[in-house]
file protein-v9.tsv (TSV, C-alpha atoms)
chain	number	residue	atom	x	y	z
A	1	GLU	CA	77.99	111.90	90.73
A	2	THR	CA	78.28	112.01	94.51
A	3	GLU	CA	75.67	113.53	96.83
A	4	THR	CA	77.99	116.48	97.51
A	5	GLN	CA	78.53	117.10	93.78
A	6	LEU	CA	74.78	116.89	93.17
A	7	GLN	CA	74.06	119.46	95.89
A	8	GLN	CA	76.77	121.77	94.55
A	9	ARG	CA	75.44	121.52	90.98
A	10	ALA	CA	71.87	122.20	92.15
A	11	SER	CA	73.01	125.22	94.16
A	12	GLU	CA	74.96	126.61	91.21
A	13	ARG	CA	72.00	126.00	88.86
A	14	LEU	CA	69.74	128.05	91.14
A	15	ARG	CA	72.27	130.86	91.12
A	16	HIS	CA	72.93	131.18	87.38
A	17	LYS	CA	69.56	129.76	86.10
A	18	HIS	CA	71.47	128.41	83.09
A	19	ARG	CA	72.18	131.92	81.81
A	20	ALA	CA	75.68	133.42	81.74
A	21	ILE	CA	75.86	136.93	83.14
A	22	THR	CA	78.90	137.04	85.42
A	23	SER	CA	82.35	135.49	85.06
A	24	TRP	CA	81.34	133.01	87.77
A	25	ASP	CA	78.38	131.90	85.62
A	26	TYR	CA	80.54	131.28	82.56
A	27	GLU	CA	83.15	129.27	84.47
A	28	ARG	CA	80.60	127.01	86.19
A	29	LEU	CA	78.34	126.53	83.21
A	30	VAL	CA	81.09	125.59	80.76
A	31	ARG	CA	82.69	123.10	83.16
A	32	ALA	CA	79.34	121.52	83.95
A	33	ARG	CA	78.53	121.18	80.25
A	34	PHE	CA	81.99	119.93	79.22
A	35	PRO	CA	83.41	117.55	81.85
A	36	GLU	CA	86.57	117.13	79.77
A	37	LEU	CA	87.67	120.57	81.02
A	38	TYR	CA	89.94	120.74	84.06
A	39	ALA	CA	89.71	124.52	84.59
A	40	ALA	CA	88.15	127.64	83.09
A	41	ARG	CA	88.87	131.31	83.78
A	42	CYS	CA	86.60	134.07	82.43
A	43	TYR	CA	87.39	137.74	81.76
A	44	ARG	CA	84.50	140.04	80.82
A	45	THR	CA	83.70	143.53	79.68
A	46	ASP	CA	80.27	144.93	78.79
A	47	THR	CA	80.50	143.57	75.24
A	48	ASP	CA	83.27	140.94	75.24
A	49	THR	CA	83.79	137.65	77.04
A	50	THR	CA	87.11	135.81	76.97
A	51	LEU	CA	87.24	132.31	78.40
A	52	VAL	CA	90.56	130.54	79.00
A	53	VAL	CA	90.06	126.78	79.17
A	54	LEU	CA	92.36	123.93	80.15
A	55	PRO	CA	91.41	120.36	79.17
A	56	ILE	CA	91.90	117.45	81.53
A	57	SER	CA	95.19	115.62	81.02
A	58	HIS	CA	96.02	112.31	82.68
A	59	THR	CA	99.78	112.53	82.30
A	60	THR	CA	102.62	114.93	83.13
A	61	SER	CA	104.25	114.22	79.75
A	62	ASN	CA	101.62	116.27	77.91
A	63	ARG	CA	102.99	119.54	79.22
A	64	CYS	CA	100.82	122.01	77.25
A	65	PRO	CA	97.39	120.43	76.72
A	66	LYS	CA	95.04	122.20	74.34
A	67	LEU	CA	91.56	121.62	73.02
A	68	SER	CA	90.99	120.26	69.54
A	69	ALA	CA	89.43	122.55	66.94
A	70	TYR	CA	86.20	120.53	67.19
A	71	GLN	CA	86.04	120.94	70.99
A	72	GLN	CA	86.65	124.69	70.67
A	73	HIS	CA	83.82	125.00	68.16
A	74	GLN	CA	81.43	123.08	70.42
A	75	ILE	CA	82.25	125.24	73.44
A	76	GLU	CA	82.00	128.50	71.50
A	77	HIS	CA	78.59	127.45	70.13
A	78	TYR	CA	77.36	126.61	73.63
A	79	LEU	CA	78.64	129.89	75.07
A	80	THR	CA	76.90	131.86	72.33
A	81	GLU	CA	73.61	130.17	73.25
A	82	ILE	CA	73.80	131.07	76.96
A	83	SER	CA	75.29	134.57	76.58
A	84	PRO	CA	73.40	137.90	76.41
A	85	HIS	CA	72.55	139.05	72.90
A	86	GLY	CA	75.40	140.84	71.18
A	87	GLN	CA	78.13	139.47	73.44
A	88	THR	CA	81.39	138.65	71.62
A	89	ILE	CA	82.84	135.30	72.71
A	90	ARG	CA	86.52	134.43	72.52
A	91	LEU	CA	88.06	131.11	73.61
A	92	LEU	CA	91.76	130.87	74.48
A	93	SER	CA	94.22	128.25	75.62
A	94	PRO	CA	96.42	129.08	78.64
A	95	ALA	CA	99.67	130.97	78.19
A	96	TYR	CA	102.11	128.35	79.46
A	97	HIS	CA	105.19	129.57	81.34
A	98	GLU	CA	107.94	127.06	82.18
A	99	ILE	CA	109.51	126.76	85.64
A	100	GLN	CA	112.97	125.24	86.14
A	101	LEU	CA	114.43	124.79	89.62
A	102	GLN	CA	117.96	124.41	90.94
A	103	LEU	CA	118.32	122.28	94.09
A	104	TYR	CA	121.10	121.20	96.43
A	105	LEU	CA	120.12	118.26	98.64
A	106	THR	CA	121.87	116.05	101.19
A	107	LEU	CA	121.72	112.37	100.23
A	108	ALA	CA	121.59	109.60	102.83
A	109	ASP	CA	124.12	106.78	102.60
A	110	GLY	CA	123.25	103.65	100.68
A	111	TYR	CA	121.23	105.22	97.85
A	112	ASP	CA	122.05	105.37	94.15
A	113	PRO	CA	122.38	109.07	93.24
A	114	GLU	CA	121.21	108.67	89.64
A	115	ARG	CA	118.09	106.78	90.66
A	116	VAL	CA	117.28	109.31	93.38
A	117	ARG	CA	117.85	112.21	90.99
A	118	ALA	CA	115.38	110.68	88.50
A	119	GLU	CA	112.81	110.09	91.25
A	120	LEU	CA	113.15	113.66	92.53
A	121	ASN	CA	112.81	115.07	89.04
A	122	GLN	CA	109.58	113.09	88.55
A	123	GLN	CA	108.34	114.25	91.95
A	124	LEU	CA	108.91	117.85	90.86
A	125	GLN	CA	106.98	117.16	87.65
A	126	ASN	CA	104.05	115.95	89.75
A	127	ILE	CA	104.19	118.87	92.20
A	128	LEU	CA	104.43	121.53	89.49
A	129	THR	CA	101.94	120.07	86.97
A	130	PRO	CA	98.59	121.74	87.77
A	131	TRP	CA	96.38	118.80	86.80
A	132	HIS	CA	98.36	116.17	88.73
A	133	PRO	CA	96.76	114.99	92.04
A	134	ASP	CA	99.94	115.97	93.97
A	135	ALA	CA	100.13	119.44	92.44
A	136	SER	CA	100.82	122.51	94.55
A	137	LEU	CA	99.88	124.79	91.61
A	138	ARG	CA	96.18	124.51	90.86
A	139	THR	CA	94.91	127.64	89.13
A	140	PHE	CA	95.94	130.38	86.75
A	141	SER	CA	98.66	132.75	87.99
A	142	ASP	CA	99.47	130.52	90.99
A	143	ARG	CA	103.12	130.79	92.03
A	144	PRO	CA	105.06	127.93	93.63
A	145	ASN	CA	105.86	128.06	97.33
A	146	LEU	CA	109.44	126.82	97.42
A	147	THR	CA	109.39	126.16	101.16
A	148	ARG	CA	106.45	123.81	100.76
A	149	ILE	CA	108.13	122.08	97.81
A	150	ALA	CA	111.32	121.60	99.86
A	151	GLY	CA	109.25	120.01	102.62
A	152	GLN	CA	107.69	117.58	100.15
A	153	LEU	CA	111.10	116.60	98.75
A	154	GLU	CA	112.47	115.98	102.25
A	155	CYS	CA	109.81	113.27	102.66
A	156	HIS	CA	111.79	111.16	100.17
A	157	PRO	CA	113.58	108.46	102.21
A	158	ALA	CA	116.92	109.18	100.52
A	159	ILE	CA	116.92	112.92	101.32
A	160	LEU	CA	118.21	114.21	104.65
A	161	SER	CA	117.72	117.90	103.91
A	162	VAL	CA	117.24	120.52	101.19
A	163	ALA	CA	120.04	123.07	101.46
A	164	ARG	CA	119.06	125.30	98.55
A	165	ILE	CA	116.12	125.63	96.18
A	166	ARG	CA	115.62	128.46	93.73
A	167	HIS	CA	114.34	129.37	90.29
A	168	ILE	CA	117.04	129.18	87.61
A	169	SER	CA	115.23	131.99	85.79
A	170	PRO	CA	113.34	134.23	88.26
A	171	LEU	CA	109.63	134.57	87.59
A	172	PRO	CA	108.54	137.98	86.30
A	173	ASP	CA	106.91	140.25	88.89
A	174	THR	CA	103.75	140.27	86.80
A	175	LEU	CA	102.36	137.59	84.52
A	176	PRO	CA	99.32	137.70	82.21
A	177	PRO	CA	96.25	136.63	84.22
A	178	HIS	CA	95.69	133.58	81.98
A	179	THR	CA	99.25	132.28	82.59
A	180	LEU	CA	99.61	128.68	83.77
A	181	LEU	CA	102.97	127.67	85.23
A	182	ILE	CA	104.31	124.25	84.20
A	183	PRO	CA	107.55	122.40	85.02
A	184	ALA	CA	110.57	122.14	82.76
A	185	PRO	CA	111.29	118.56	81.63
A	186	GLU	CA	114.50	118.49	83.68
A	187	HIS	CA	115.54	120.32	86.84
A	188	GLU	CA	119.08	120.98	88.06
A	189	ILE	CA	119.41	118.59	91.02
A	190	HIS	CA	122.69	118.39	92.97
A	191	LEU	CA	123.08	115.58	95.54
A	192	GLN	CA	125.79	115.66	98.21
A	193	HIS	CA	126.60	113.23	101.02
A	194	GLN	CA	127.61	115.80	103.63
A	195	GLU	CA	125.49	118.48	105.23
A	196	PRO	CA	126.63	121.87	103.86
A	197	ASP	CA	127.93	124.53	106.21
A	198	TYR	CA	125.39	126.96	104.77
A	199	LEU	CA	121.64	127.14	104.36
A	200	ASP	CA	120.45	129.68	101.82
A	201	GLY	CA	116.90	129.73	103.08
A	202	ILE	CA	113.95	129.53	100.76
A	203	GLU	CA	112.72	132.25	98.44
A	204	VAL	CA	109.07	132.09	99.48
A	205	TRP	CA	108.05	131.83	103.15
A	206	GLU	CA	104.56	131.10	104.33
A	207	MET	CA	102.96	132.21	107.59
A	208	GLU	CA	101.84	129.30	109.81
A	209	TYR	CA	103.75	126.82	107.62
A	210	ASP	CA	107.32	128.07	108.15
A	211	PHE	CA	106.90	129.91	111.43
A	212	HIS	CA	104.30	130.95	113.97
A	213	ILE	CA	103.81	134.15	115.90
A	214	GLY	CA	103.10	133.46	119.54
call {"tool": "encode", "arguments": {"input": "protein-v9.tsv", "output": "C-alpha cells"}}
result
Amino acid sequence: ETETQLQQRASERLRHKHRAITSWDYERLVRARFPELYAARCYRTDTDTTLVVLPISHTTSNRCPKLSAYQQHQIEHYLTEISPHGQTIRLLSPAYHEIQLQLYLTLADGYDPERVRAELNQQLQNILTPWHPDASLRTFSDRPNLTRIAGQLECHPAILSVARIRHISPLPDTLPPHTLLIPAPEHEIHLQHQEPDYLDGIEVWEMEYDFHIG
C-alpha cells in the first residue's frame, strides 16, 4: 500500500466510520474489504440496496467476468453486517453489452495487411475492455468516444489515417445504469493503400480534444 493509498483509505474510513449509509459508503467499503473487485456501483432506496460488482480480470479474453457463488456469499454476508437493520441486500453482476466497430483505415506501404488487422483488432480489445490498463471505458454506462479511439489507432506505425469509424449496431439512447460495455471478439476492419476522397467524420466529438474555441 502506497502512502497515497493509505491516506485515501484513512480519509474514507473517517467519513463512513465502517458503517454503510450512503451509496458512496457501500462502494468504498466493499472494495476495501474485497480487493479482488475492480469496480462496484450501488443503488439504494430506503429499504433496499443493490450492489453491482465487477471482479478484477487480468485478460481481455475473459469478456464477461463474474464472481463465484462463494465470493457472492462472502460479500453479501459482509454487507449485511455493515448495513442498517432491516435493509435488503442484493448483489448483481454487470449487464454486459457488446460493442462492434466498423473501420476504414489507410495503410502505409510495406506492411502486411493481415498482421496489421490482427494488431488493430487486439488494440481495440484493449481500448474497449474496461479493466485493461489502456481502456477508454472505465465505469458503468460509459460510452466510447470514437474520435479518441481513432486517434489512438492512428498512433500505430502502419496507419496513415482513419477515414471512417462507426458502430455496426448503434448503441441504444438509454442503457440500464448497471450496463458495462465490452468489445466484440472481432471488429470489421478495412485497410486501403490510398487516401479516400471522403472523410465521414466521427460520431462523437469532444470539446478541447477535437477542436478549441478561441
call {"tool": "closest_residue", "arguments": {"input": "protein-v9.tsv", "among": "A:Val30, A:Ala95, A:Ile127, A:Leu146", "to": "Thr80 of chain A", "atoms": "all atoms listed in the file"}}
result
A:Val30
call {"tool": "atom_distance", "arguments": {"input": "protein-v9.tsv", "atom1": "atom CA of Ile165 of chain A", "atom2": "atom CA of Gln100 of chain A"}}
result
10.5 Å
call {"tool": "atom_distance", "arguments": {"input": "protein-v9.tsv", "atom1": "atom CA of Ile56 of chain A", "atom2": "atom CA of Leu180 of chain A"}}
result
13.8 Å
call {"tool": "residues_around", "arguments": {"input": "protein-v9.tsv", "residues": "Gln74 of chain A", "least_positions_apart": "4", "cutoff": "12 Å", "atoms": "only C-alpha atoms", "output": "number ranges by chain"}}
result
A: 30, 33-34, 67-70, 78-81, 91
call {"tool": "closest_residue", "arguments": {"input": "protein-v9.tsv", "among": "A:Thr49, A:Ile82, A:Leu103, A:Leu191", "to": "Arg115 of chain A", "atoms": "all atoms listed in the file"}}
result
A:Leu191
call {"tool": "closest_residue", "arguments": {"input": "protein-v9.tsv", "among": "A:Gln87, A:Asn62, A:Gln71, A:Thr147", "to": "Arg44 of chain A", "atoms": "only C-alpha atoms"}}
result
A:Gln87
call {"tool": "residues_near_point", "arguments": {"input": "protein-v9.tsv", "point": "(100.8, 139.1, 82.2)", "cutoff": "12 Å", "atoms": "all atoms listed in the file", "output": "list in words"}}
result
Pro94, Ala95, Tyr96, His97, Phe140, Ser141, Leu171, Pro172, Asp173, Thr174, Leu175, Pro176, Pro177, His178, Thr179 and Leu180 of chain A
call {"tool": "atom_distance", "arguments": {"input": "protein-v9.tsv", "atom1": "atom CA of Thr129 of chain A", "atom2": "atom CA of Ile182 of chain A"}}
result
5.5 Å
call {"tool": "closest_residue", "arguments": {"input": "protein-v9.tsv", "among": "A:Leu120, A:Ala163, A:Ala135, A:Ile168", "to": "Ile189 of chain A", "atoms": "only C-alpha atoms"}}
result
A:Leu120
call {"tool": "residues_around", "arguments": {"input": "protein-v9.tsv", "residues": "Ala184 of chain A", "least_positions_apart": "5", "cutoff": "10 Å", "atoms": "all atoms listed in the file", "output": "PyMOL selection string"}}
result
chain A and resi 63+97-101+121+124-125+128-129
call {"tool": "closest_residue", "arguments": {"input": "protein-v9.tsv", "among": "A:Ala32, A:Thr47, A:His73, A:Ala39", "to": "Thr139 of chain A", "atoms": "all atoms listed in the file"}}
result
A:Ala39
call {"tool": "decode", "arguments": {"input": "protein-v9.tsv", "residues": "segment 97-197 of chain A", "atoms": "C-alpha atoms", "output": "compact mmCIF listing (two decimals), in the first residue's frame"}}
result
# COMPACT_ATOMS: atom_id res chain seq x y z
CA HIS A 97 -23.48 -5.03 -23.74
CA GLU A 98 -21.25 -5.83 -26.73
CA ILE A 99 -19.75 -3.15 -28.99
CA GLN A 100 -18.65 -3.92 -32.55
CA LEU A 101 -16.98 -1.28 -34.71
CA GLN A 102 -16.57 -0.85 -38.45
CA LEU A 103 -13.40 0.96 -39.56
CA TYR A 104 -11.82 2.11 -42.81
CA LEU A 105 -8.13 2.95 -42.46
CA THR A 106 -5.31 3.96 -44.81
CA LEU A 107 -2.39 1.53 -44.65
CA ALA A 108 1.21 2.65 -45.21
CA ASP A 109 3.31 0.80 -47.79
CA GLY A 110 5.44 -2.11 -46.70
CA TYR A 111 3.11 -3.61 -44.07
CA ASP A 112 1.33 -6.96 -44.11
CA PRO A 113 -2.42 -6.21 -44.05
CA GLU A 114 -3.40 -9.37 -42.18
CA ARG A 115 -0.86 -8.79 -39.44
CA VAL A 116 -1.88 -5.15 -39.07
CA ARG A 117 -5.57 -6.10 -38.99
CA ALA A 118 -4.90 -8.56 -36.15
CA GLU A 119 -2.87 -5.97 -34.23
CA LEU A 120 -5.59 -3.34 -34.64
CA ASN A 121 -8.27 -5.76 -33.51
CA GLN A 122 -6.26 -6.53 -30.37
CA GLN A 123 -5.71 -2.81 -29.79
CA LEU A 124 -9.49 -2.30 -29.93
CA GLN A 125 -9.94 -5.13 -27.43
CA ASN A 126 -7.58 -3.32 -25.06
CA ILE A 127 -9.20 0.09 -25.54
CA LEU A 128 -12.75 -1.19 -25.08
CA THR A 129 -12.16 -3.66 -22.21
CA PRO A 130 -12.87 -1.67 -19.01
CA TRP A 131 -10.33 -3.46 -16.80
CA HIS A 132 -7.43 -3.21 -19.27
CA PRO A 133 -4.77 -0.53 -18.45
CA ASP A 134 -5.28 1.08 -21.90
CA ALA A 135 -9.06 1.21 -21.59
CA SER A 136 -11.03 4.30 -22.54
CA LEU A 137 -14.18 2.85 -20.89
CA ARG A 138 -13.74 2.66 -17.14
CA THR A 139 -17.11 2.70 -15.38
CA PHE A 140 -20.70 1.61 -15.76
CA SER A 141 -22.68 3.30 -18.54
CA ASP A 142 -19.53 4.85 -20.07
CA ARG A 143 -19.84 5.30 -23.83
CA PRO A 144 -16.87 5.16 -26.21
CA ASN A 145 -15.54 8.37 -27.74
CA LEU A 146 -14.88 7.33 -31.33
CA THR A 147 -12.72 10.35 -32.08
CA ARG A 148 -10.37 9.46 -29.24
CA ILE A 149 -10.28 5.82 -30.37
CA ALA A 150 -9.42 6.91 -33.93
CA GLY A 151 -6.56 8.99 -32.56
CA GLN A 152 -5.20 6.00 -30.65
CA LEU A 153 -5.36 3.78 -33.75
CA GLU A 154 -3.54 6.39 -35.84
CA CYS A 155 -0.57 6.00 -33.47
CA HIS A 156 0.02 2.56 -35.00
CA PRO A 157 3.06 2.90 -37.31
CA ALA A 158 1.25 1.18 -40.19
CA ILE A 159 -1.77 3.51 -40.16
CA LEU A 160 -1.72 6.82 -42.03
CA SER A 161 -5.28 7.84 -41.21
CA VAL A 162 -8.70 6.66 -40.05
CA ALA A 163 -11.26 7.55 -42.71
CA ARG A 164 -14.34 6.10 -41.03
CA ILE A 165 -15.23 4.62 -37.66
CA ARG A 166 -18.73 3.77 -36.53
CA HIS A 167 -20.81 1.32 -34.52
CA ILE A 168 -22.12 -1.57 -36.62
CA SER A 169 -25.16 -1.66 -34.33
CA PRO A 170 -25.89 1.80 -32.87
CA LEU A 171 -25.97 1.96 -29.09
CA PRO A 172 -29.43 2.49 -27.58
CA ASP A 173 -30.16 6.03 -26.40
CA THR A 174 -30.62 4.70 -22.88
CA LEU A 175 -28.98 1.73 -21.19
CA PRO A 176 -29.63 0.23 -17.75
CA PRO A 177 -27.41 2.04 -15.22
CA HIS A 178 -25.52 -1.17 -14.37
CA THR A 179 -24.58 -1.78 -18.04
CA LEU A 180 -20.92 -2.36 -18.82
CA LEU A 181 -19.85 -2.06 -22.45
CA ILE A 182 -17.39 -4.67 -23.74
CA PRO A 183 -15.82 -5.27 -27.17
CA ALA A 184 -16.94 -7.88 -29.67
CA PRO A 185 -14.30 -10.56 -30.33
CA GLU A 186 -13.81 -9.29 -33.90
CA HIS A 187 -14.28 -5.86 -35.46
CA GLU A 188 -14.84 -5.07 -39.14
CA ILE A 189 -11.50 -3.55 -40.18
CA HIS A 190 -10.95 -2.43 -43.80
CA LEU A 191 -7.41 -1.45 -44.86
CA GLN A 192 -6.73 0.52 -48.05
CA HIS A 193 -3.49 1.81 -49.55
CA GLN A 194 -4.85 5.08 -50.93
CA GLU A 195 -6.30 8.01 -49.04
CA PRO A 196 -10.08 8.09 -49.70
CA ASP A 197 -11.66 11.11 -51.31
